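Here's protein-v7.pdb, which has PDB, C-alpha atoms and all ligand atoms:
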```pdb
ATOM      1  CA  MET A 273      26.483  94.086  62.818
ATOM      2  CA  THR A 274      27.346  94.331  66.498
ATOM      3  CA  ARG A 275      26.478  90.654  66.862
ATOM      4  CA  LEU A 276      28.933  89.755  64.090
ATOM      5  CA  LEU A 277      31.612  91.810  65.840
ATOM      6  CA  VAL A 278      30.994  90.036  69.132
ATOM      7  CA  PHE A 279      31.284  86.686  67.308
ATOM      8  CA  GLY A 280      34.556  87.846  65.771
ATOM      9  CA  LEU A 281      36.049  88.978  69.085
ATOM     10  CA  LEU A 282      34.949  85.785  70.830
ATOM     11  CA  ALA A 283      36.355  83.642  68.012
ATOM     12  CA  GLY A 284      39.665  85.496  68.107
ATOM     13  CA  LEU A 285      39.988  85.188  71.883
ATOM     14  CA  LEU A 286      39.141  81.494  71.872
ATOM     15  CA  ALA A 287      41.560  80.931  68.993
ATOM     16  CA  SER A 288      44.327  82.658  70.934
ATOM     17  CA  VAL A 289      43.938  80.100  73.732
ATOM     18  CA  MET A 290      44.582  77.287  71.243
ATOM     19  CA  THR A 291      47.388  79.283  69.655
ATOM     20  CA  PHE A 292      48.980  79.771  73.079
ATOM     21  CA  GLY A 293      49.194  75.976  73.371
ATOM     22  CA  VAL A 294      50.868  75.639  69.962
ATOM     23  CA  ALA A 295      53.213  78.546  70.716
ATOM     24  CA  ARG A 296      54.275  76.906  73.987
ATOM     25  CA  LEU A 297      54.735  73.489  72.385
ATOM     26  CA  VAL A 298      56.547  74.348  69.149
ATOM     27  CA  GLY A 299      57.608  77.981  69.504
ATOM     28  CA  GLU A 300      59.103  78.311  72.968
ATOM     29  CA  PRO A 301      61.677  75.493  72.535
ATOM     30  CA  ALA A 302      63.109  77.276  69.476
ATOM     31  CA  LEU A 303      63.023  80.632  71.277
ATOM     32  CA  ASP A 304      64.798  79.191  74.317
ATOM     33  CA  ALA A 305      67.422  77.505  72.146
ATOM     34  CA  ALA A 306      68.169  80.818  70.434
ATOM     35  CA  ILE A 307      68.304  82.719  73.732
ATOM     36  CA  ALA A 308      70.724  80.131  75.145
ATOM     37  CA  LEU A 309      73.000  80.736  72.147
ATOM     38  CA  GLU A 310      72.602  84.502  72.562
ATOM     39  CA  VAL A 311      73.597  84.374  76.236
ATOM     40  CA  ALA A 312      76.562  82.117  75.507
ATOM     41  CA  ASP A 313      77.628  84.467  72.730
ATOM     42  CA  SER A 314      77.416  87.630  74.808
ATOM     43  CA  HIS A 315      79.498  85.954  77.529
ATOM     44  CA  ALA A 316      82.137  85.115  74.953
ATOM     45  CA  HIS A 317      82.297  88.705  73.726
ATOM     46  CA  ALA A 318      81.531  90.417  77.011
ATOM     47  CA  ALA A 319      83.917  93.240  76.214
ATOM     48  CA  ASP A 320      82.502  94.306  72.850
ATOM     49  CA  THR A 321      78.844  93.247  72.991
ATOM     50  CA  PRO A 322      76.516  95.575  74.862
ATOM     51  CA  ASN A 323      73.914  93.876  76.991
ATOM     52  CA  HIS A 324      71.139  92.764  74.710
ATOM     53  CA  PRO A 325      67.700  93.662  76.065
ATOM     54  CA  ASP A 326      66.494  90.100  75.405
ATOM     55  CA  ALA A 327      69.008  88.588  77.767
ATOM     56  CA  VAL A 328      68.204  90.895  80.653
ATOM     57  CA  GLY A 329      65.183  92.712  82.039
ATOM     58  CA  MET A 330      62.058  90.649  82.397
ATOM     59  CA  SER A 331      62.031  87.050  83.540
ATOM     60  CA  ARG A 332      61.582  84.430  80.865
ATOM     61  CA  ARG A 333      58.674  82.951  82.815
ATOM     62  CA  LEU A 334      56.772  86.225  82.591
ATOM     63  CA  GLN A 335      57.557  86.581  78.878
ATOM     64  CA  ALA A 336      56.688  83.000  77.967
ATOM     65  CA  GLY A 337      53.511  82.918  80.103
ATOM     66  CA  PRO A 338      51.345  86.018  80.650
ATOM     67  CA  GLY A 339      53.300  88.118  78.155
ATOM     68  CA  LEU A 340      52.890  85.581  75.373
ATOM     69  CA  PHE A 341      49.244  85.047  76.211
ATOM     70  CA  VAL A 342      48.323  88.756  76.340
ATOM     71  CA  GLY A 343      50.139  89.391  73.061
ATOM     72  CA  LEU A 344      48.382  86.528  71.299
ATOM     73  CA  ALA A 345      44.963  87.376  72.773
ATOM     74  CA  ALA A 346      45.251  91.012  71.661
ATOM     75  CA  ILE A 347      46.223  90.001  68.126
ATOM     76  CA  GLY A 348      43.524  87.304  68.118
ATOM     77  CA  ALA A 349      40.814  89.781  69.111
ATOM     78  CA  ALA A 350      42.006  92.214  66.430
ATOM     79  CA  LEU A 351      41.992  89.443  63.823
ATOM     80  CA  GLY A 352      38.490  88.331  64.840
ATOM     81  CA  GLY A 353      37.190  91.901  64.650
ATOM     82  CA  ILE A 354      38.642  92.441  61.187
ATOM     83  CA  LEU A 355      37.297  89.062  60.053
ATOM     84  CA  ALA A 356      33.796  90.095  61.182
ATOM     85  CA  ILE A 357      34.039  93.408  59.288
ATOM     86  CA  SER A 358      35.394  91.694  56.154
ATOM     87  CA  PHE A 359      32.613  89.119  56.372
ATOM     88  CA  ALA A 360      29.965  91.844  56.626
ATOM     89  CA  VAL A 361      31.412  93.672  53.616
ATOM     90  CA  ALA A 362      32.004  90.598  51.453
ATOM     91  CA  ARG A 363      28.785  88.690  52.054
ATOM     92  CA  GLY A 364      26.315  89.380  49.272
ATOM     93  CA  ARG A 365      28.754  91.766  47.551
ATOM     94  CA  PHE A 366      31.936  89.901  46.658
ATOM     95  CA  LEU A 367      30.998  86.422  47.807
ATOM     96  CA  HIS A 368      27.633  84.700  47.421
ATOM     97  CA  GLY A 369      28.178  81.233  48.814
ATOM     98  CA  SER A 370      27.541  79.700  52.221
ATOM     99  CA  THR A 371      28.847  81.210  55.446
ATOM    100  CA  ARG A 372      31.568  78.589  55.461
ATOM    101  CA  ALA A 373      32.667  79.375  51.895
ATOM    102  CA  THR A 374      32.623  83.130  52.553
ATOM    103  CA  VAL A 375      34.702  82.854  55.727
ATOM    104  CA  GLY A 376      36.982  80.339  54.005
ATOM    105  CA  TRP A 377      37.754  82.681  51.127
ATOM    106  CA  ILE A 378      38.352  85.687  53.371
ATOM    107  CA  THR A 379      40.630  83.685  55.642
ATOM    108  CA  ALA A 380      42.590  82.057  52.827
ATOM    109  CA  LEU A 381      43.165  85.318  50.944
ATOM    110  CA  GLY A 382      43.910  87.226  54.156
ATOM    111  CA  PHE A 383      46.357  84.613  55.391
ATOM    112  CA  ALA A 384      48.188  84.630  52.055
ATOM    113  CA  ALA A 385      48.394  88.440  51.901
ATOM    114  CA  VAL A 386      49.015  89.222  55.581
ATOM    115  CA  ILE A 387      51.142  86.256  56.673
ATOM    116  CA  VAL A 388      52.581  84.069  53.905
ATOM    117  CA  VAL A 389      53.732  86.694  51.383
ATOM    118  CA  PRO A 390      55.327  89.075  53.961
ATOM    119  CA  MET A 391      56.965  86.035  55.568
ATOM    120  CA  LEU A 392      58.584  85.044  52.264
ATOM    121  CA  LYS A 393      60.184  88.472  51.898
ATOM    122  CA  PHE A 394      60.862  89.215  55.587
ATOM    123  CA  PRO A 395      60.931  85.970  57.582
ATOM    124  CA  GLY A 396      60.905  86.400  61.358
ATOM    125  CA  ASN A 397      64.132  86.008  63.281
ATOM    126  CA  PRO A 398      64.771  84.370  66.640
ATOM    127  CA  PRO A 399      66.607  86.231  69.397
ATOM    128  CA  ALA A 400      70.344  86.482  68.641
ATOM    129  CA  VAL A 401      69.662  86.989  64.935
ATOM    130  CA  GLY A 402      69.337  90.505  63.572
ATOM    131  CA  ASN A 403      71.457  93.628  63.639
ATOM    132  CA  SER A 404      69.997  96.099  66.135
ATOM    133  CA  GLU A 405      71.190  99.011  63.978
ATOM    134  CA  THR A 406      68.818  98.033  61.167
ATOM    135  CA  ILE A 407      65.704  97.399  63.304
ATOM    136  CA  GLY A 408      64.226 100.747  62.177
ATOM    137  CA  ALA A 409      64.728 100.025  58.490
ATOM    138  CA  ARG A 410      63.571  96.419  58.831
ATOM    139  CA  THR A 411      60.420  97.312  60.736
ATOM    140  CA  LEU A 412      59.545 100.077  58.281
ATOM    141  CA  ALA A 413      60.137  97.827  55.248
ATOM    142  CA  TYR A 414      58.117  95.012  56.811
ATOM    143  CA  PHE A 415      55.062  97.145  57.604
ATOM    144  CA  ALA A 416      55.256  98.954  54.251
ATOM    145  CA  PHE A 417      55.287  95.594  52.463
ATOM    146  CA  LEU A 418      52.402  94.351  54.620
ATOM    147  CA  ALA A 419      50.325  97.473  53.955
ATOM    148  CA  LEU A 420      51.001  97.256  50.218
ATOM    149  CA  SER A 421      50.047  93.568  50.226
ATOM    150  CA  LEU A 422      46.684  94.332  51.874
ATOM    151  CA  ALA A 423      46.019  97.289  49.566
ATOM    152  CA  THR A 424      46.879  95.194  46.497
ATOM    153  CA  LEU A 425      44.602  92.397  47.662
ATOM    154  CA  GLY A 426      41.762  94.910  48.090
ATOM    155  CA  PHE A 427      42.470  96.407  44.679
ATOM    156  CA  ALA A 428      42.633  92.995  42.954
ATOM    157  CA  VAL A 429      39.371  91.851  44.560
ATOM    158  CA  SER A 430      37.524  95.039  43.495
ATOM    159  CA  ALA A 431      39.059  94.933  40.020
ATOM    160  CA  VAL A 432      37.687  91.465  39.223
ATOM    161  CA  LYS A 433      34.264  92.024  40.816
ATOM    162  CA  GLY A 434      32.537  92.479  37.442
ATOM    163  CA  VAL A 435      34.333  89.659  35.610
ATOM    164  CA  PRO A 436      31.675  87.052  34.779
ATOM    165  CA  SER A 437      33.699  83.825  34.732
ATOM    166  CA  ARG A 438      34.769  82.576  38.133
ATOM    167  CA  HIS A 439      37.848  80.953  36.663
ATOM    168  CA  ARG A 440      38.961  84.113  34.878
ATOM    169  CA  LYS A 441      38.203  86.166  37.989
ATOM    170  CA  MET A 442      40.710  84.161  40.042
ATOM    171  CA  LEU A 443      43.309  84.200  37.275
ATOM    172  CA  ILE A 444      43.181  87.971  36.701
ATOM    173  CA  GLY A 445      43.094  88.707  40.440
ATOM    174  CA  ALA A 446      46.071  86.455  41.098
ATOM    175  CA  ALA A 447      47.998  88.007  38.205
ATOM    176  CA  ILE A 448      47.435  91.564  39.505
ATOM    177  CA  TYR A 449      48.454  90.615  43.029
ATOM    178  CA  ALA A 450      51.484  88.551  42.012
ATOM    179  CA  GLY A 451      52.690  91.254  39.592
ATOM    180  CA  VAL A 452      52.547  94.107  42.110
ATOM    181  CA  MET A 453      54.000  92.123  44.999
ATOM    182  CA  THR A 454      56.829  90.620  42.967
ATOM    183  CA  GLY A 455      57.777  94.133  41.859
ATOM    184  CA  ALA A 456      57.653  95.404  45.447
ATOM    185  CA  ALA A 457      59.725  92.464  46.695
ATOM    186  CA  ILE A 458      62.419  93.285  44.138
ATOM    187  CA  VAL A 459      62.400  97.037  44.876
ATOM    188  CA  LEU A 460      62.382  96.827  48.702
ATOM    189  CA  PRO A 461      65.685  96.040  50.426
ATOM    190  CA  SER A 462      66.461  92.589  51.789
ATOM    191  CA  PHE A 463      68.306  92.058  55.053
ATOM    192  CA  HIS A 464      70.837  89.255  55.231
ATOM    193  CA  GLU A 465      71.753  89.278  58.891
ATOM    194  CA  VAL A 466      71.859  85.642  59.898
ATOM    195  CA  ASP A 467      75.336  84.853  61.214
ATOM    196  CA  PRO A 468      76.705  81.874  59.238
ATOM    197  CA  ALA A 469      77.605  80.339  62.612
ATOM    198  CA  PHE A 470      73.969  80.391  63.789
ATOM    199  CA  PRO A 471      72.639  76.808  63.693
ATOM    200  CA  GLY A 472      70.381  76.327  60.684
ATOM    201  CA  ASP A 473      68.094  73.858  62.386
ATOM    202  CA  VAL A 474      67.261  76.326  65.209
ATOM    203  CA  LEU A 475      66.533  79.005  62.605
ATOM    204  CA  TRP A 476      64.336  76.646  60.602
ATOM    205  CA  GLN A 477      62.512  75.395  63.690
ATOM    206  CA  PHE A 478      61.877  78.979  64.773
ATOM    207  CA  ARG A 479      60.568  80.134  61.378
ATOM    208  CA  ALA A 480      58.394  77.052  60.942
ATOM    209  CA  SER A 481      56.934  77.699  64.394
ATOM    210  CA  THR A 482      55.999  81.294  63.475
ATOM    211  CA  LEU A 483      54.050  79.884  60.523
ATOM    212  CA  ALA A 484      52.439  77.239  62.756
ATOM    213  CA  VAL A 485      51.445  79.883  65.337
ATOM    214  CA  GLN A 486      49.871  82.145  62.704
ATOM    215  CA  ALA A 487      48.161  79.253  60.901
ATOM    216  CA  THR A 488      46.643  78.042  64.179
ATOM    217  CA  LEU A 489      45.434  81.521  65.069
ATOM    218  CA  TRP A 490      43.865  82.196  61.670
ATOM    219  CA  ALA A 491      42.358  78.758  61.133
ATOM    220  CA  SER A 492      40.828  78.488  64.588
ATOM    221  CA  THR A 493      39.487  82.060  64.476
ATOM    222  CA  ALA A 494      37.776  81.225  61.167
ATOM    223  CA  ILE A 495      36.374  77.916  62.407
ATOM    224  CA  VAL A 496      34.985  79.355  65.655
ATOM    225  CA  PHE A 497      33.557  82.392  63.834
ATOM    226  CA  CYS A 498      31.828  80.121  61.294
ATOM    227  CA  TRP A 499      30.398  78.017  64.034
ATOM    228  CA  LEU A 500      29.088  81.029  65.996
ATOM    229  CA  VAL A 501      27.464  82.571  62.902
ATOM    230  CA  GLY A 502      25.929  79.230  61.930
ATOM    231  CA  ARG A 503      24.691  78.501  65.435
ATOM    232  CA  TYR A 504      23.535  81.883  66.728
ATOM    233  CA  GLY A 505      23.585  84.315  63.860
ATOM    234  CA  GLN A 506      21.519  83.263  60.866
ATOM    235  CA  SER A 507      19.771  86.621  60.799
ATOM    236  CA  VAL A 508      22.769  88.916  61.191
TER     237      VAL A 508
ATOM    238  CA  MET B   7      12.669  88.273  58.538
ATOM    239  CA  THR B   8      12.772  85.726  61.258
ATOM    240  CA  VAL B   9      15.370  83.250  62.322
ATOM    241  CA  ALA B  10      13.056  80.306  61.751
ATOM    242  CA  THR B  11      12.732  80.852  58.009
ATOM    243  CA  ARG B  12      16.436  81.315  57.420
ATOM    244  CA  SER B  13      18.284  78.833  55.298
ATOM    245  CA  ALA B  14      21.976  78.216  55.984
ATOM    246  CA  VAL B  15      22.973  79.774  52.673
ATOM    247  CA  SER B  16      24.216  83.314  53.262
ATOM    248  CA  SER B  17      23.376  84.462  49.724
ATOM    249  CA  ASP B  18      19.733  84.393  50.820
ATOM    250  CA  LEU B  19      20.483  87.276  53.145
ATOM    251  CA  PRO B  20      20.544  90.866  51.996
ATOM    252  CA  ALA B  21      24.009  92.417  52.197
ATOM    253  CA  ILE B  22      24.472  94.634  55.266
ATOM    254  CA  PRO B  23      24.374  98.269  54.055
ATOM    255  CA  LEU B  24      27.841  99.793  53.858
ATOM    256  CA  ARG B  25      26.807 102.837  55.886
ATOM    257  CA  ASP B  26      25.936 100.489  58.773
ATOM    258  CA  ILE B  27      29.323  98.826  58.514
ATOM    259  CA  ALA B  28      31.463 101.947  58.032
ATOM    260  CA  PRO B  29      31.642 103.276  61.635
ATOM    261  CA  TRP B  30      32.399  99.791  62.986
ATOM    262  CA  ALA B  31      34.964  99.237  60.258
ATOM    263  CA  ALA B  32      36.696 102.500  61.188
ATOM    264  CA  LEU B  33      36.706 101.653  64.886
ATOM    265  CA  ALA B  34      37.902  98.069  64.329
ATOM    266  CA  SER B  35      40.659  99.167  61.943
ATOM    267  CA  LEU B  36      41.900 101.786  64.384
ATOM    268  CA  LEU B  37      41.982  99.324  67.282
ATOM    269  CA  ALA B  38      43.609  96.634  65.123
ATOM    270  CA  VAL B  39      46.362  99.025  64.039
ATOM    271  CA  LEU B  40      46.970 100.011  67.680
ATOM    272  CA  VAL B  41      47.131  96.367  68.779
ATOM    273  CA  VAL B  42      49.462  95.384  65.941
ATOM    274  CA  TYR B  43      51.633  98.391  66.749
ATOM    275  CA  PHE B  44      51.945  97.645  70.469
ATOM    276  CA  VAL B  45      52.414  93.900  70.093
ATOM    277  CA  GLY B  46      54.461  94.104  66.909
ATOM    278  CA  ALA B  47      56.635  97.197  67.077
ATOM    279  CA  GLU B  48      56.471  99.357  70.267
ATOM    280  CA  GLN B  49      59.885  99.988  71.846
ATOM    281  CA  GLY B  50      61.602  98.263  68.959
ATOM    282  CA  ALA B  51      61.949 100.569  65.997
ATOM    283  CA  TRP B  52      59.748 103.265  67.570
ATOM    284  CA  SER B  53      58.664 104.138  71.107
ATOM    285  CA  VAL B  54      55.519 105.781  72.454
ATOM    286  CA  PHE B  55      56.463 104.956  76.047
ATOM    287  CA  HIS B  56      59.908 105.174  77.586
ATOM    288  CA  GLY B  57      61.872 102.112  78.547
ATOM    289  CA  THR B  58      61.578  98.539  77.318
ATOM    290  CA  ASP B  59      58.759  97.142  79.472
ATOM    291  CA  VAL B  60      56.171  96.813  76.696
ATOM    292  CA  HIS B  61      58.729  95.237  74.361
ATOM    293  CA  GLU B  62      59.875  92.837  77.057
ATOM    294  CA  PHE B  63      56.372  91.829  78.091
ATOM    295  CA  VAL B  64      55.098  90.975  74.597
ATOM    296  CA  HIS B  65      58.534  89.820  73.493
ATOM    297  CA  ASP B  66      57.733  86.143  72.920
ATOM    298  CA  ALA B  67      54.467  86.893  71.152
ATOM    299  CA  ARG B  68      56.256  89.389  68.896
ATOM    300  CA  HIS B  69      58.883  86.829  67.910
ATOM    301  CA  LEU B  70      56.523  83.891  67.485
ATOM    302  CA  LEU B  71      54.048  85.897  65.391
ATOM    303  CA  GLY B  72      56.938  86.672  63.032
ATOM    304  CA  PHE B  73      57.311  90.426  63.602
ATOM    305  CA  PRO B  74      60.790  91.972  63.389
ATOM    306  CA  CYS B  75      61.894  92.238  67.032
ATOM    307  CA  HIS B  76      65.402  93.583  67.460
TER     308      HIS B  76
HETATM  309 ZN    ZN C 601      63.602  89.789  70.635
END
```

Turn the structure described in the file into structure tokens.
Amino acid sequence: MTRLLVFGLLAGLLASVMTFGVARLVGEPALDAAIALEVADSHAHAADTPNHPDAVGMSRRLQAGPGLFVGLAAIGAALGGILAISFAVARGRFLHGSTRATVGWITALGFAAVIVVPMLKFPGNPPAVGNSETIGARTLAYFAFLALSLATLGFAVSAVKGVPSRHRKMLIGAAIYAGVMTGAAIVLPSFHEVDPAFPGDVLWQFRASTLAVQATLWASTAIVFCWLVGRYGQSV
Amino acid sequence: MTVATRSAVSSDLPAIPLRDIAPWAALASLLAVLVVYFVGAEQGAWSVFHGTDVHEFVHDARHLLGFPCH
């Protein structure tokens, strides 16, 4: 068990190095473009716009270098640790295939429930987008939706454990998950805070880059973890 | 069971007993929640520490991972 955890942490840390590269290449340009707009905007309305914390405070070099790296590495290590635990629980209980298939299923389902579905309801916003008065409500709604998504995934997986047909298993599980999450998405509030004047291509580039960053982190964590278990951990 | 006789198929292996996993699962979940909180939300909607230093430091990671930032 401890060996699996070490593999998970190592995989997550290594993955965060690759993710840092992707974040710098595709994410930072969109972030900088949005911050440039934000600064220009706050100059234009200097009288009525209070200083936004993003435009002041820490240097951009610190934020885009060590800050970005530490943030990604911490999340990567957490992801790797949780992957190792999920692998230990699922192997031989919920999943009976090869290491690669087991890790593949966990990663695919986790990525859908933790990243893709919350992103569809609450897509990330670049600096300069978002009303600071609703940050409390938005953060609460986002984490509530995320927690519900994970809980529903867990419930759906346990519910179909005894179903004999593999095909039917996936269908029933997907129906449970989609039903609950669609209901939650309708009930929870939506936040429409993008200024119509904000350039759509910057917004799109930013949101696509958040997906690219998460996809890189998850995929490379899974690949490295698989490799470590296959290479050094056949008996764990 | 030894490494040498292992096949690459994980279904050959006995499942790790849940009571061996449980303490690690609790520890990992706790740490993961803390990490997600500090990278994803500290000094945004809620604050454990005063000021904006944590928010500012992880700012780019928070945005690019898709968390609500401000
Ligand atoms: Zn921000």

**Prompt:** Within 8 Å of ligand ZN 601 (chain C), counting only C-alpha atoms and all ligand atoms: which residues, as a list in words?
**Reply:** Pro325, Asp326, Pro398, Pro399 and Ala400 of chain A; His65, Asp66, Arg68, His69, Cys75 and His76 of chain B

(message) Rounded to one decimal, what separation in Å do you get between CA of Glu62 (chain B) and CA of Gln335 (chain A)?
(response)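 Between CA of Glu62 (chain B) and CA of Gln335 (chain A) the gap is 6.9 Å.
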
For CA of Ser331 (chain A) and CA of Phe292 (chain A), quote the distance in Å rounded to one decimal.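 Computing the Euclidean distance for CA of Ser331 (chain A) and CA of Phe292 (chain A) yields 18.2 Å.
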
I need the output of the PyMOL selection byres (((chain A and resi 490) around 12) and not hetatm) for this file as a PyMOL selection string; which residues are they?
(chain A and resi 280+283-288+290-291+344+347-352+354-355+375-376+378-384+386-388+483-489+491-497) or (chain B and resi 71)

Residues picked by the PyMOL selection byres (((chain A and resi 475) around 12) and not hetatm) here, as a VMD selection string?
chain A and resid 299 301 to 307 309 395 to 402 466 to 474 476 to 482

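Proximity ranking of A:Ala450, A:Met273, A:Arg503, A:Lys433 relative to Arg365 (chain A) places A:Lys433 first, based on all atoms listed in the file.
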
inquiry  = Running the PyMOL selection byres (((chain B and resi 64) around 12) and not hetatm) on this model by hand, what would come out? Give it as a PyMOL selection string.
reply    = (chain A and resi 326+330-332+334-347) or (chain B and resi 41-50+58-63+65-71+73+75)

query: Quick one, how far is CA of Ala428 (chain A) from CA of Ala416 (chain A)?
result: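 Interatomic distance here is 18.0 Å.
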
Check: Closest to chain A among B:Ala21, B:Pro29, B:Gly57, B:Leu40, using all atoms listed in the file?
Finding: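 Of B:Ala21, B:Pro29, B:Gly57, B:Leu40, the one nearest chain A is B:Ala21, counting all atoms listed in the file.
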
Region 50-60 of chain B, all listed atoms, 5 Å padding on each side: what axis-aligned box centre and edge lengths in Å to one decimal come out, as lines of an AutoDock Vina configuration file?
```
center_x = 58.7
center_y = 101.3
center_z = 72.7
size_x = 16.4
size_y = 19.0
size_z = 23.5
```

message: I'd like the contact shell of Gly445 (chain A) - 9 Å cut-off, all atoms listed in the file, skipping same-chain residues fewer than 6 positions apart - returned as number ranges by chain.
response: A: 425, 427-432
